[in-house]
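**Q** Below is the structure I would like to discuss, written out as structure tokens.
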Amino acid sequence: MISRVLVAGGTGRLGTLVVGGLAARGIDVRVMTRNPHRAAHLAGERIEMVTGDVRDPVSTMAAVAGVDVVVSAVHGFAGPGGVSPETVDRDGNTLLIKAAQTASAEMVLMSIVGAAPDSPFEIFRMKHAAEAVLAASTVPSTVVRSTAFLELWVDLLNNTAGRSNRPLVFGRGQNPINFVSVRDVAALVEHVTLDEATRGQVLEIGGPENLTFDELARMVVADSGGSDAPRHIPRVGLHVLAATIGRMRPELGRQARAALAMDRSDMTFLPGVDGVRARFPDVPCTSPAEALRELHAADRTQ
């Protein structure tokens with residue numbers, strides 16, 4: 001019986017929802033975080049905070065000790081310095097897998113639809129590498145792959161809109177992309193964390209619509225009462241950014257290269273092909289319009 005779960009990356013957008021959902025189900029949840037101050041919003045009767053870094057084997061082993069399941073919701077895409085997909089998504093997850101094996105714990109690994117060794121996205125390659133390590137281990141595990149988190153990209157578009165209320169789109173913005181609400185993903189992660197029948201499986205979840213960045217940006221603008229078209233950073237500008245400032249600030253170079261890949265790679269997902277909502281009927285299928293309304297309502301209450 002599963003009674004105690006470790007969530008690595010528990011202070012992030014996905015992790016926060018997973019921690020709250022598991023605690024509400026009566027599960028004791030341990031949150032592993034590099035910065036305890038970032039976890040203040042997670043305080044609760046069944047929630048324990050431990051300071052640790054998945055890049056550090058000692059603190060990782062200590063955090064995993066005594067839990068039944070390890071949920072890895074970590075990512076190193078936007079981090080500065082030594083935080084990167086290589087050090088977090090590949091190497092950090094490898095340390096979590098080793099710690100889970102030592103502790104005889106099960107594992108739920110958060111990955112990405114399209115993870116592959118030859119992907120143009122660094123984070124996709126590193127997620128695939130972590131999946132391979134997990135598959136080669138003796139740890140009973142479930143892998144959850146999702147498409148792009150809708151709320152993350154809505155926040156980025158809002159943050160770049162400025163006074164003009166014209167979000168900034170990287171590249172042409174004409175490539176269809178599947179966006180999924182993080183709430184949908186969190187609901188699935190909660191289910192598979194507690195459902196041991198999913199061990200040994202890879203489950204994929206996406207949203208109900210494929211949208212271009214231009215279409216999503218126009219929805220964000222309309223949600224705030226505007227009607228103007230978004231602004232764009234052309235591809236040549238992204239190439240220059242990656243080759244100049246991106247060399248001095250690796251996280252910016254990483255973002256520029258990812259933006260170029262998102263502007264031309266196939267990132268579509270056919271609604272319903274994942275099968276997870278048929279299997280778990282209470283996992284929601286939130287449309288972009290519904291997610292925007294929820295975000296707008298949350299902003300009004302803050």
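Identifiers for the structure tokens are assigned positionally: chains receive A, B, ... in sequence, residues are indexed from 1 per chain, and ligands are indexed from 1 in the order shown.
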Pick out the residues sitting within 12 Å of A:Ser227, and hand them over as a PyMOL selection string; count only C-alpha atoms, and ignore anything fewer than 2 positions along from it in its own chain.

**A** chain A and resi 164-167+215+217-225+229-230

**Q** List every residue of stretch 31-279 of chain A that DSSP, applied to the backbone of this structure, assigns to helix (DSSP H, G or I), and report them as JSON, numbers by chain.

**A** {"A": [36, 37, 38, 39, 40, 41, 42, 57, 58, 59, 60, 61, 62, 63, 64, 85, 86, 87, 88, 89, 90, 91, 92, 93, 94, 95, 96, 97, 98, 99, 100, 101, 102, 122, 123, 124, 125, 126, 127, 128, 129, 130, 131, 132, 133, 134, 135, 136, 150, 151, 152, 153, 154, 155, 156, 157, 158, 159, 160, 161, 182, 183, 184, 185, 186, 187, 188, 189, 190, 191, 192, 193, 194, 196, 197, 198, 213, 214, 215, 216, 217, 218, 219, 220, 221, 222, 223, 235, 236, 237, 238, 239, 240, 241, 242, 243, 245, 246, 247, 248, 250, 251, 252, 253, 254, 255, 256, 257, 258, 259, 260, 261, 262, 276, 277, 278, 279]}

**Q** Could you pull out all residues of stretch 119-212 of chain A with a DSSP call of strand (DSSP E or B) and give them as a list in words?

**A**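 For stretch 119-212 of chain A, the strand (DSSP E or B) set is Ser141, Thr142, Val143, Val144, Arg145, Ser146, Ala148, Phe149, Leu168, Val169, Phe170, Ile177, Asn178, Phe179, Val180, Gln201, Val202, Leu203, Glu204, Ile205, Asn210 and Leu211 of chain A.
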
**Q** Print the selection's residues with N, CA and C atoms to a file, as a short mmCIF file (atom, residue, chain, number, x, y, z; two decimals), in the first residue's frame.

**A**
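Now in part.cif:
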```
data_model
loop_
_atom_site.label_atom_id
_atom_site.label_comp_id
_atom_site.auth_asym_id
_atom_site.auth_seq_id
_atom_site.Cartn_x
_atom_site.Cartn_y
_atom_site.Cartn_z
N SER A 141 8.15 1.26 -12.43
CA SER A 141 7.99 2.67 -12.81
C SER A 141 6.89 2.89 -13.82
N THR A 142 6.42 4.13 -13.85
CA THR A 142 5.49 4.62 -14.86
C THR A 142 6.06 5.90 -15.43
N VAL A 143 6.04 6.03 -16.75
CA VAL A 143 6.48 7.26 -17.40
C VAL A 143 5.25 7.99 -17.92
N VAL A 144 5.15 9.27 -17.59
CA VAL A 144 4.07 10.11 -18.10
C VAL A 144 4.68 11.15 -19.03
N ARG A 145 4.29 11.10 -20.29
CA ARG A 145 4.75 12.10 -21.27
C ARG A 145 3.60 13.06 -21.56
N SER A 146 3.90 14.34 -21.56
CA SER A 146 2.86 15.33 -21.89
C SER A 146 3.34 16.23 -23.01
N ALA A 148 3.17 20.35 -24.51
CA ALA A 148 3.58 21.61 -23.88
C ALA A 148 2.53 22.10 -22.88
N PHE A 149 3.00 22.56 -21.71
CA PHE A 149 2.09 23.07 -20.68
C PHE A 149 1.48 24.39 -21.13
N LEU A 168 4.92 38.76 -27.33
CA LEU A 168 6.06 38.51 -28.21
C LEU A 168 6.10 37.03 -28.57
N VAL A 169 6.08 36.76 -29.87
CA VAL A 169 6.15 35.39 -30.39
C VAL A 169 7.52 35.18 -31.03
N PHE A 170 8.16 34.09 -30.67
CA PHE A 170 9.49 33.78 -31.20
C PHE A 170 9.35 33.02 -32.51
N ILE A 177 0.99 23.47 -32.62
CA ILE A 177 1.57 22.87 -31.41
C ILE A 177 0.42 22.42 -30.52
N ASN A 178 0.58 21.28 -29.88
CA ASN A 178 -0.43 20.84 -28.93
C ASN A 178 -0.08 21.36 -27.54
N PHE A 179 -1.06 22.00 -26.92
CA PHE A 179 -0.90 22.51 -25.56
C PHE A 179 -1.87 21.77 -24.65
N VAL A 180 -1.40 21.38 -23.47
CA VAL A 180 -2.24 20.68 -22.51
C VAL A 180 -2.24 21.46 -21.20
N GLN A 201 4.55 0.99 -17.76
CA GLN A 201 3.86 1.59 -18.89
C GLN A 201 4.35 3.02 -19.15
N VAL A 202 4.22 3.46 -20.40
CA VAL A 202 4.46 4.83 -20.80
C VAL A 202 3.13 5.41 -21.25
N LEU A 203 2.65 6.42 -20.57
CA LEU A 203 1.36 7.03 -20.88
C LEU A 203 1.58 8.44 -21.41
N GLU A 204 0.86 8.79 -22.47
CA GLU A 204 0.99 10.11 -23.07
C GLU A 204 -0.32 10.88 -22.93
N ILE A 205 -0.19 12.17 -22.65
CA ILE A 205 -1.37 13.01 -22.50
C ILE A 205 -1.16 14.33 -23.23
N ASN A 210 -4.72 21.66 -31.28
CA ASN A 210 -3.41 22.10 -31.75
C ASN A 210 -3.55 23.55 -32.19
N LEU A 211 -2.70 24.42 -31.65
CA LEU A 211 -2.76 25.84 -31.95
C LEU A 211 -1.39 26.35 -32.36
#
```

**Q** Identify which of the residues A:Thr94, A:Thr268, A:Thr87, A:Gln255 lies closest to A:Pro176, counting only C-alpha atoms when measuring atom-to-atom distances.

**A** A:Thr268

**Q** Using only C-alpha atoms, which protein or nucleic acid residues come within 8 Å of A:Leu42? Drop anything in the same chain fewer than 2 positions from it, and give the result as a VMD selection string.

**A** chain A and resid 11 16 19 to 20 39 to 40 44 47

**Q** Go ahead and save the picked residues with all heavy atoms, as a short mmCIF file (atom, residue, chain, number, x, y, z; two decimals), in the first residue's frame.

**A**
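out-v9.cif, freshly written:
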```
data_model
loop_
_atom_site.label_atom_id
_atom_site.label_comp_id
_atom_site.auth_asym_id
_atom_site.auth_seq_id
_atom_site.Cartn_x
_atom_site.Cartn_y
_atom_site.Cartn_z
N THR A 11 7.78 22.20 -6.00
CA THR A 11 7.39 23.61 -5.89
C THR A 11 7.04 24.22 -7.24
O THR A 11 6.64 25.38 -7.32
CB THR A 11 8.52 24.44 -5.24
OG1 THR A 11 9.69 24.36 -6.06
CG2 THR A 11 8.84 23.93 -3.85
N THR A 16 3.39 21.44 -7.65
CA THR A 16 2.50 22.03 -6.65
C THR A 16 1.13 21.39 -6.69
O THR A 16 0.54 21.06 -5.64
CB THR A 16 2.38 23.55 -6.89
OG1 THR A 16 3.63 24.18 -6.58
CG2 THR A 16 1.29 24.16 -6.01
N VAL A 19 1.40 17.67 -5.43
CA VAL A 19 1.55 17.61 -3.97
C VAL A 19 0.20 17.84 -3.29
O VAL A 19 -0.21 17.08 -2.40
CB VAL A 19 2.57 18.66 -3.48
CG1 VAL A 19 2.53 18.80 -1.96
CG2 VAL A 19 3.97 18.27 -3.92
N GLY A 20 -0.51 18.89 -3.70
CA GLY A 20 -1.80 19.19 -3.09
C GLY A 20 -2.82 18.09 -3.33
O GLY A 20 -3.59 17.74 -2.43
N ALA A 39 8.80 26.80 -1.11
CA ALA A 39 7.79 25.78 -0.78
C ALA A 39 6.81 26.26 0.29
O ALA A 39 5.97 25.48 0.75
CB ALA A 39 8.49 24.51 -0.30
N ALA A 40 6.89 27.53 0.67
CA ALA A 40 6.04 28.04 1.74
C ALA A 40 4.55 27.86 1.42
O ALA A 40 3.73 27.63 2.31
CB ALA A 40 6.35 29.51 2.01
N GLY A 44 1.22 22.15 4.89
CA GLY A 44 -0.01 21.42 5.16
C GLY A 44 0.26 20.28 6.12
O GLY A 44 1.41 19.89 6.37
N ILE A 47 2.20 17.34 4.58
CA ILE A 47 3.28 17.73 3.68
C ILE A 47 4.55 18.02 4.47
O ILE A 47 4.54 18.82 5.41
CB ILE A 47 2.87 18.95 2.83
CG1 ILE A 47 1.63 18.61 2.00
CG2 ILE A 47 4.02 19.38 1.93
CD1 ILE A 47 1.04 19.79 1.27
#
```

**Q** Just checking: using only C-alpha atoms, which residue out of A:Ile97, A:Leu260, A:Ile123, A:Leu156 ends up closest to A:Pro140?

**A**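 Closest candidate: A:Ile97.
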
**Q** For A:Phe77, work out the shell of residues within 9 Å, counting only C-alpha atoms and skipping chain neighbours fewer than 6 positions away, then give it as a PDB file with N, CA and C atoms, in the first residue's frame.

**A**
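Okay, this is what ended up in selection16.pdb:
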```
ATOM      1  N   VAL A  83      22.342  24.579 -13.776  1.00  0.00           N
ATOM      2  CA  VAL A  83      21.034  23.959 -14.000  1.00  0.00           C
ATOM      3  C   VAL A  83      20.787  23.894 -15.502  1.00  0.00           C
ATOM      4  N   SER A  84      20.602  22.690 -16.014  1.00  0.00           N
ATOM      5  CA  SER A  84      20.399  22.500 -17.446  1.00  0.00           C
ATOM      6  C   SER A  84      19.674  21.175 -17.652  1.00  0.00           C
ATOM      7  N   PRO A  85      19.142  20.930 -18.848  1.00  0.00           N
ATOM      8  CA  PRO A  85      18.541  19.620 -19.101  1.00  0.00           C
ATOM      9  C   PRO A  85      19.516  18.470 -18.870  1.00  0.00           C
ATOM     10  N   VAL A  88      20.028  18.189 -14.887  1.00  0.00           N
ATOM     11  CA  VAL A  88      18.807  17.920 -14.112  1.00  0.00           C
ATOM     12  C   VAL A  88      17.974  16.807 -14.734  1.00  0.00           C
ATOM     13  N   ASP A  89      17.552  16.986 -15.993  1.00  0.00           N
ATOM     14  CA  ASP A  89      16.639  16.015 -16.607  1.00  0.00           C
ATOM     15  C   ASP A  89      17.293  14.671 -16.868  1.00  0.00           C
ATOM     16  N   GLU A 122      17.053  19.827 -26.857  1.00  0.00           N
ATOM     17  CA  GLU A 122      17.955  19.243 -25.860  1.00  0.00           C
ATOM     18  C   GLU A 122      17.178  18.582 -24.731  1.00  0.00           C
ATOM     19  N   ILE A 123      16.137  19.252 -24.229  1.00  0.00           N
ATOM     20  CA  ILE A 123      15.405  18.696 -23.093  1.00  0.00           C
ATOM     21  C   ILE A 123      14.692  17.410 -23.474  1.00  0.00           C
ATOM     22  N   GLU A 251      21.368  29.612 -20.649  1.00  0.00           N
ATOM     23  CA  GLU A 251      19.916  29.430 -20.585  1.00  0.00           C
ATOM     24  C   GLU A 251      19.197  30.213 -21.678  1.00  0.00           C
ATOM     25  N   ARG A 254      19.798  28.325 -24.943  1.00  0.00           N
ATOM     26  CA  ARG A 254      18.948  27.142 -24.940  1.00  0.00           C
ATOM     27  C   ARG A 254      17.514  27.518 -25.339  1.00  0.00           C
ATOM     28  N   GLN A 255      17.020  28.618 -24.805  1.00  0.00           N
ATOM     29  CA  GLN A 255      15.664  29.061 -25.126  1.00  0.00           C
ATOM     30  C   GLN A 255      15.543  29.476 -26.587  1.00  0.00           C
TER      31      GLN A 255
END
```

**Q** Report the distance between atom CA of A:Phe121 and atom CA of A:Leu95 in Å, rounded to one decimal place.

**A**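 Straight-line distance from atom CA of A:Phe121 to atom CA of A:Leu95 works out to 22.2 Å.
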
**Q** Just checking: using only C-alpha atoms, which residue out of A:Ile112, A:Ala132, A:Ala297, A:Ala78 ends up closest to A:Ala258?

**A**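 Checking each candidate against A:Ala258, we get A:Ala78 as the closest.
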
**Q** Just the residues within 7 Å of stretch 104-108 of chain A, please, counting only C-alpha atoms, with nothing from its chain fewer than 2 positions along; format it as a list in words.

**A**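 The contact residues come out as Val67, Asp68, Val69, Val70, Val71, Ser72, Ala100, Gln101, Thr102, Met110, Val139, Pro140, Ser141, Thr142, Val143 and Thr193 of chain A.
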
**Q** Can you pull out the residues contacting A:Met49? Cut-off 9 Å, using only C-alpha atoms, and skip same-chain residues under 3 positions away; I want them as number ranges by chain.

**A** A: 29-33, 36, 39, 42-43

**Q** Would you mind exporting the chosen residues as a JSON list (two decimals), in the first residue's frame, restricted to N, CA, C and O atoms?

**A**
```json
[["chain", "number", "residue", "atom", "x", "y", "z"],
["A", 29, "VAL", "N", 3.13, 13.38, 1.89],
["A", 29, "VAL", "CA", 3.95, 13.83, 0.77],
["A", 29, "VAL", "C", 5.19, 14.55, 1.28],
["A", 29, "VAL", "O", 5.11, 15.46, 2.11],
["A", 30, "ARG", "N", 6.32, 14.12, 0.78],
["A", 30, "ARG", "CA", 7.60, 14.78, 1.08],
["A", 30, "ARG", "C", 8.01, 15.58, -0.16],
["A", 30, "ARG", "O", 8.05, 15.03, -1.27],
["A", 31, "VAL", "N", 8.29, 16.85, 0.03],
["A", 31, "VAL", "CA", 8.66, 17.73, -1.08],
["A", 31, "VAL", "C", 10.15, 18.00, -1.02],
["A", 31, "VAL", "O", 10.66, 18.51, -0.02],
["A", 32, "MET", "N", 10.84, 17.66, -2.08],
["A", 32, "MET", "CA", 12.28, 17.92, -2.17],
["A", 32, "MET", "C", 12.49, 19.22, -2.94],
["A", 32, "MET", "O", 12.05, 19.36, -4.08],
["A", 33, "THR", "N", 13.15, 20.18, -2.30],
["A", 33, "THR", "CA", 13.36, 21.48, -2.93],
["A", 33, "THR", "C", 14.73, 22.03, -2.59],
["A", 33, "THR", "O", 15.24, 21.80, -1.49],
["A", 36, "PRO", "N", 13.78, 26.07, 0.40],
["A", 36, "PRO", "CA", 12.58, 25.88, 1.22],
["A", 36, "PRO", "C", 11.63, 27.07, 1.18],
["A", 36, "PRO", "O", 10.41, 26.90, 1.36],
["A", 39, "ALA", "N", 8.80, 26.80, -1.11],
["A", 39, "ALA", "CA", 7.79, 25.78, -0.78],
["A", 39, "ALA", "C", 6.81, 26.26, 0.29],
["A", 39, "ALA", "O", 5.97, 25.48, 0.75],
["A", 42, "LEU", "N", 3.13, 25.46, 0.15],
["A", 42, "LEU", "CA", 2.73, 24.06, 0.21],
["A", 42, "LEU", "C", 2.53, 23.55, 1.63],
["A", 42, "LEU", "O", 2.28, 22.36, 1.82],
["A", 43, "ALA", "N", 2.64, 24.42, 2.60],
["A", 43, "ALA", "CA", 2.53, 23.98, 3.99],
["A", 43, "ALA", "C", 1.18, 23.30, 4.22],
["A", 43, "ALA", "O", 0.14, 23.78, 3.80]]
```

**Q** Tell me, as an mmCIF file with all heavy atoms, in the first residue's frame, which residues lie within 7 Å of stretch 189-191 of chain A, counting only C-alpha atoms; anything in the same chain fewer than 5 positions away does not count.

**A**
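Generated file (part_10.cif):
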```cif
data_model
loop_
_atom_site.group_PDB
_atom_site.id
_atom_site.type_symbol
_atom_site.label_atom_id
_atom_site.label_comp_id
_atom_site.auth_asym_id
_atom_site.auth_seq_id
_atom_site.Cartn_x
_atom_site.Cartn_y
_atom_site.Cartn_z
ATOM 1 N N VAL A 18 0.373 18.388 -7.933
ATOM 2 C CA VAL A 18 0.488 16.976 -7.562
ATOM 3 C C VAL A 18 0.588 16.826 -6.049
ATOM 4 O O VAL A 18 -0.071 15.971 -5.450
ATOM 5 C CB VAL A 18 1.697 16.325 -8.264
ATOM 6 C CG1 VAL A 18 1.948 14.925 -7.724
ATOM 7 C CG2 VAL A 18 1.477 16.275 -9.771
ATOM 8 N N GLY A 21 -2.820 17.528 -4.539
ATOM 9 C CA GLY A 21 -3.772 16.476 -4.860
ATOM 10 C C GLY A 21 -3.528 15.207 -4.071
ATOM 11 O O GLY A 21 -4.476 14.578 -3.578
ATOM 12 N N LEU A 22 -2.259 14.817 -3.937
ATOM 13 C CA LEU A 22 -1.941 13.605 -3.180
ATOM 14 C C LEU A 22 -2.249 13.785 -1.697
ATOM 15 O O LEU A 22 -2.789 12.880 -1.047
ATOM 16 C CB LEU A 22 -0.465 13.240 -3.371
ATOM 17 C CG LEU A 22 -0.082 12.707 -4.758
ATOM 18 C CD1 LEU A 22 1.437 12.550 -4.859
ATOM 19 C CD2 LEU A 22 -0.770 11.383 -5.062
#
```

**Q** Determine the nearest neighbour of A:Asn158 from the options A:Lys98, A:Leu216, A:Leu6, A:Phe124, counting only C-alpha atoms.

**A**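 Of the candidates, the smallest distance to A:Asn158 is held by A:Leu216.
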